[in-house]
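*Asks:* Before we start, here is the structure in question, set down as structure tokens.
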Amino acid sequence: MAIQEETSPEDAHSVWPKYGLRESPFTTGPTTLLSSLPIGKVFSGRTEETTKLLRIICSSNNTRTFISGNFGVGKTTFSNYIRWKLCIERQSKAHHVTTSTEIKAQSAWGSKEFLLATLSAVYTSSLIFRWDQHGLKLPALARIGDYVAIGTQKAVQGSIAGTGVGVSSTKSVPGAISPEIYEELLRALSQELLAQGKQLILPYDNLENIDSMHLADFFRMIRDYLQIEGIHFIFMGPPSCLGALETYPQAHSTFSQPIVLGPLNSYHVLEILKKRCNSLTIPEGTYLSPYEETTVTWLYETLNNIRFAFKVLEDTMLSTEQQAPCKITMHEIKAVQEKEKQAIFSTLTQHETKIITILLDVTGKITMTDLAQRTGILPTNLRHPIKDLLDKGLITITTSDKDRRKKYVRISDNTYLRLFYSTSK
Ligand SMILES: Nc1ncnc2c1ncn2[C@@H]1O[C@H](COP(=O)(O)OP(=O)(O)OP(=O)(O)O)[C@@H](O)[C@H]1O
Ligand SMILES: [Mg+2]
């Protein structure tokens, strides 16, 4: 099959019916409790981890768990699956309720912001999942609704005032709301839930948003809330966040053993795609598989990252849509990658090209000093191209745990360049 030169965005939407599918099976976002792909039907693998986390949550009415794993390994989807199993699958027989979406950690979170984000997510979810129609009588929710409205309004005003526009508070908005008030609301809600046989599961995602230097402080700030009866806290983030939590033993010791997610095996990745296609098949029809299984296996084993593998499949699909329905093979993937590589390199300056070429040639990360030596670029002249490459998302910089002044640089996980690197090795 030939690679198409130009693709128009409108056509991208029309390709899937040619395969008998409603939409793309290669979507890379997490599968959520509300997404069009039903999580109960498309989730695969992780049997041991599922048993472990279900056991942790069901063993007590107040738990804390950290789900750790590299970029795109499936942390959010895994926690969503657990929440689906405990809160949605058993419908009214469930002993747990949860939020409709994950609560995303923010860099500037203090205890007040953490509580406000939590109460806001709980309040919205109570409306989306219609807790009242499921017989839950929760007077605290009405108060939470009021405080969330005020808190959010104040936060917006704060940010506008911060820009110098200077909006003053209206009379209906009281002065600063203390974290104690939010805490009391959360405690009241969990008590009301417990009285009706329900416990709350709260998922906090993307802990990497909080600077690793401040993560231990963050856990110190929220440690009292983590003890509230009737609430299960799930935190998600890369392994570096787990390291930061370990530096604060008082919080760390109250957490259960972390759930560490490694990459799925290729059998499960194929199963996910098959399940997705089955769920997306146009009613009363059959679907034509848009991929070759051997190609997907090769791609996944090369990249070892499910998100990135799906992204490459999706991008290849868009470039071959004029030939649809057809199967993606390695030939198309390589052709699309080559085009992509040229596009990336055409935007790089001479110094940037030198840096990327060196980084593609080393395994893993190297120090800045090493990079300067290998490229022959003076350390002071590295600053500018490094910043540009960071902005383009092509490289990632990490700091040594032992010596904060020591910086390491490597090709980012989520860039096409990783694929060229892996395939050329
Ligand atoms: N066990 C699984 N079953 C079905 N789909 C999965 C599974 N694990 C991951 N996926 C799919 O892989 C992709 C990446 O998963 P997800 O977004 O959950 O990863 P993540 O670790 O949370 O990523 P990030 O580090 O960016 O937060 C998503 O499209 C998701 O649907
Ligand atoms: Mg995630």
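Residues in the structure tokens are numbered from 1 in each chain, the chains being A, B, ... in the order shown, and ligands are numbered from 1 in the order shown.
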Check which residues of chain A sit at most 8 Å from ligand 1 using only C-alpha atoms and all ligand atoms, and return one row each with the closest pair of atoms and their distance in Å to one decimal, ordered by chain and rising number, as a tab-separated table.
*Replies:*
residue	atom	partner	partner_atom_place_in_ligand_line	distance
A:Phe26	CA	ligand 1	29 (O)	7.3
A:Thr27	CA	ligand 1	29 (O)	5.5
A:Thr28	CA	ligand 1	29 (O)	3.6
A:Gly29	CA	ligand 1	29 (O)	4.4
A:Pro30	CA	ligand 1	17 (O)	3.5
A:Thr31	CA	ligand 1	31 (O)	4.3
A:Thr32	CA	ligand 1	31 (O)	8.0
A:Ile39	CA	ligand 1	4 (C)	7.5
A:Val42	CA	ligand 1	4 (C)	5.5
A:Phe43	CA	ligand 1	3 (N)	3.5
A:Ser44	CA	ligand 1	3 (N)	4.1
A:Gly45	CA	ligand 1	1 (N)	5.3
A:Arg46	CA	ligand 1	1 (N)	6.1
A:Gly69	CA	ligand 1	21 (O)	6.2
A:Asn70	CA	ligand 1	25 (O)	5.9
A:Phe71	CA	ligand 1	25 (O)	3.4
A:Gly72	CA	ligand 1	23 (O)	3.2
A:Val73	CA	ligand 1	21 (O)	4.0
A:Gly74	CA	ligand 1	19 (O)	3.2
A:Lys75	CA	ligand 1	21 (O)	3.8
A:Thr76	CA	ligand 1	22 (O)	3.7
A:Thr77	CA	ligand 1	18 (O)	3.6
A:Phe78	CA	ligand 1	1 (N)	6.0
A:Asp205	CA	ligand 1	27 (O)	7.2
A:Asn206	CA	ligand 1	27 (O)	5.9
A:Met236	CA	ligand 1	22 (O)	7.8
A:Gly237	CA	ligand 1	25 (O)	7.0
A:Pro238	CA	ligand 1	25 (O)	6.9
A:Leu264	CA	ligand 1	1 (N)	7.1
A:His268	CA	ligand 1	1 (N)	7.6
A:Val269	CA	ligand 1	4 (C)	7.6
A:Ile272	CA	ligand 1	4 (C)	5.3
A:Ile306	CA	ligand 1	12 (O)	5.3
A:Arg307	CA	ligand 1	13 (C)	4.5
A:Phe310	CA	ligand 1	29 (O)	7.4
*Asks:* Tell me which protein, DNA and RNA residues are within 7 Å of Tyr182 in chain A, counting only C-alpha atoms, leaving out same-chain ones fewer than 4 positions away, and put them as number ranges by chain.
*Replies:* A: 115-116, 186
*Asks:* Out of A:Gln106, A:Thr99, A:Asn80, A:Thr294, which residue has the shortest atom-to-atom distance to ligand 2 when counting only C-alpha atoms and all ligand atoms?
*Replies:*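 The shortest atom-to-atom distance to ligand 2 comes from A:Asn80.
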*Asks:* Any idea what the distance is between CA of Ala188 in chain A and CA of Gln227 in chain A?
*Replies:* 13.7 Å
*Asks:* Find the residues near range 55-60 of chain A: any atom within 10 Å, counting only C-alpha atoms, skip ones fewer than 5 places away on the same chain, and give them as a list in words.
*Replies:*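 Final neighbour list, sorted by chain and number: Glu49, Thr50, Thr65, Ile82, Leu86, His95, His96, Gln199, Ile201, Glu229, Gly230, Ile231, His232, Phe233, Ile234, Ser256 and Gln257 of chain A.
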*Asks:* Find the residues near Thr297 in chain A: any atom within 9 Å, counting only C-alpha atoms, skip ones fewer than 5 places away on the same chain, and give them as a list of chain:residue names.
*Replies:*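 The residues that qualify are A:Ser266, A:Tyr267, A:Val269, A:Leu270, A:Glu292, A:Thr302.
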*Asks:* Write out as a PyMOL selection string which residues come within 9 Å of Phe235 in chain A when counting only C-alpha atoms, dropping same-chain ones fewer than 5 positions away.
*Replies:* chain A and resi 64-68+202-207
*Asks:* Would you mind exporting the chosen residues as a PDB file, in the first residue's frame, restricted to N, CA and C atoms?
*Replies:*
ATOM      1  N   ARG A  64      -4.442   3.815  51.751  1.00  0.00           N
ATOM      2  CA  ARG A  64      -3.665   4.705  50.906  1.00  0.00           C
ATOM      3  C   ARG A  64      -2.751   3.852  50.039  1.00  0.00           C
ATOM      4  N   THR A  65      -2.847   4.068  48.731  1.00  0.00           N
ATOM      5  CA  THR A  65      -2.022   3.258  47.820  1.00  0.00           C
ATOM      6  C   THR A  65      -1.368   4.162  46.785  1.00  0.00           C
ATOM      7  N   PHE A  66      -0.141   3.835  46.429  1.00  0.00           N
ATOM      8  CA  PHE A  66       0.542   4.558  45.361  1.00  0.00           C
ATOM      9  C   PHE A  66       0.694   3.614  44.165  1.00  0.00           C
ATOM     10  N   ILE A  67       0.194   4.048  42.998  1.00  0.00           N
ATOM     11  CA  ILE A  67       0.386   3.266  41.775  1.00  0.00           C
ATOM     12  C   ILE A  67       1.502   3.939  40.997  1.00  0.00           C
ATOM     13  N   SER A  68       2.583   3.185  40.813  1.00  0.00           N
ATOM     14  CA  SER A  68       3.755   3.786  40.181  1.00  0.00           C
ATOM     15  C   SER A  68       4.052   3.079  38.858  1.00  0.00           C
ATOM     16  N   LEU A 202     -10.916   7.905  46.187  1.00  0.00           N
ATOM     17  CA  LEU A 202     -10.461   9.157  45.563  1.00  0.00           C
ATOM     18  C   LEU A 202      -9.147   8.934  44.809  1.00  0.00           C
ATOM     19  N   PRO A 203      -9.149   9.117  43.484  1.00  0.00           N
ATOM     20  CA  PRO A 203      -7.931   8.896  42.693  1.00  0.00           C
ATOM     21  C   PRO A 203      -7.209  10.200  42.341  1.00  0.00           C
ATOM     22  N   TYR A 204      -5.958  10.327  42.751  1.00  0.00           N
ATOM     23  CA  TYR A 204      -5.169  11.531  42.440  1.00  0.00           C
ATOM     24  C   TYR A 204      -4.116  11.168  41.404  1.00  0.00           C
ATOM     25  N   ASP A 205      -4.226  11.818  40.247  1.00  0.00           N
ATOM     26  CA  ASP A 205      -3.398  11.419  39.112  1.00  0.00           C
ATOM     27  C   ASP A 205      -2.280  12.432  38.856  1.00  0.00           C
ATOM     28  N   ASN A 206      -1.278  11.993  38.095  1.00  0.00           N
ATOM     29  CA  ASN A 206      -0.196  12.870  37.631  1.00  0.00           C
ATOM     30  C   ASN A 206       0.524  13.604  38.759  1.00  0.00           C
ATOM     31  N   LEU A 207       0.951  12.837  39.764  1.00  0.00           N
ATOM     32  CA  LEU A 207       1.699  13.442  40.872  1.00  0.00           C
ATOM     33  C   LEU A 207       3.010  14.073  40.406  1.00  0.00           C
TER      34      LEU A 207
END
*Asks:* Compile the contact shell of range 273-278 of chain A as a PDB file with C-alpha atoms, in the first residue's frame: residues with an atom at most 7 Å away, counting only C-alpha atoms, same-chain residues fewer than 2 positions apart removed.
*Replies:*
ATOM      1  CA  LEU A  21     -15.774   0.602  13.122  1.00  0.00           C
ATOM      2  CA  PRO A  25      -9.317   1.687  18.102  1.00  0.00           C
ATOM      3  CA  LEU A  37     -14.859   2.418  25.121  1.00  0.00           C
ATOM      4  CA  LYS A  41     -14.892  -4.758  28.210  1.00  0.00           C
ATOM      5  CA  VAL A  42     -11.608  -3.400  26.907  1.00  0.00           C
ATOM      6  CA  VAL A 269      -1.690  -5.353  23.772  1.00  0.00           C
ATOM      7  CA  LEU A 270      -3.124  -7.427  20.909  1.00  0.00           C
ATOM      8  CA  GLU A 271      -6.014  -8.417  23.154  1.00  0.00           C
ATOM      9  CA  LEU A 280     -16.424  -0.243  18.345  1.00  0.00           C
ATOM     10  CA  THR A 281     -17.979  -2.442  15.659  1.00  0.00           C
TER      11      THR A 281
END
*Asks:* Go through A:Leu34, A:Ile328, A:Ala309, A:Ala105 and flag the residue nearest ligand 2, using only C-alpha atoms and all ligand atoms for the distances.
*Replies:*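 Closest residue, counting only C-alpha atoms and all ligand atoms: A:Ala105.
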*Asks:* Find the residues near Glu246 in chain A: any atom within 10 Å, counting only C-alpha atoms, skip ones fewer than 6 places away on the same chain, and give them as a list in words.
*Replies:*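 Once the nearby chain positions are removed, what remains is Ala216, Ser240, His252, Ser253 and Phe255 of chain A.
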*Asks:* Would you please give, as a ChimeraX atom specification, all residues of range 21-201 of chain A that DSSP assigns to alpha helix (DSSP H) based on the backbone?
*Replies:* /A:39-42,47-58,75-83,111-128,139-162,179-195
*Asks:* With distances taken over only C-alpha atoms and all ligand atoms, which residue among A:Asp224, A:Glu208, A:Glu183, A:Glu192 lies nearest ligand 2?
*Replies:*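 With only C-alpha atoms and all ligand atoms as the atom set, the closest residue is A:Glu208.
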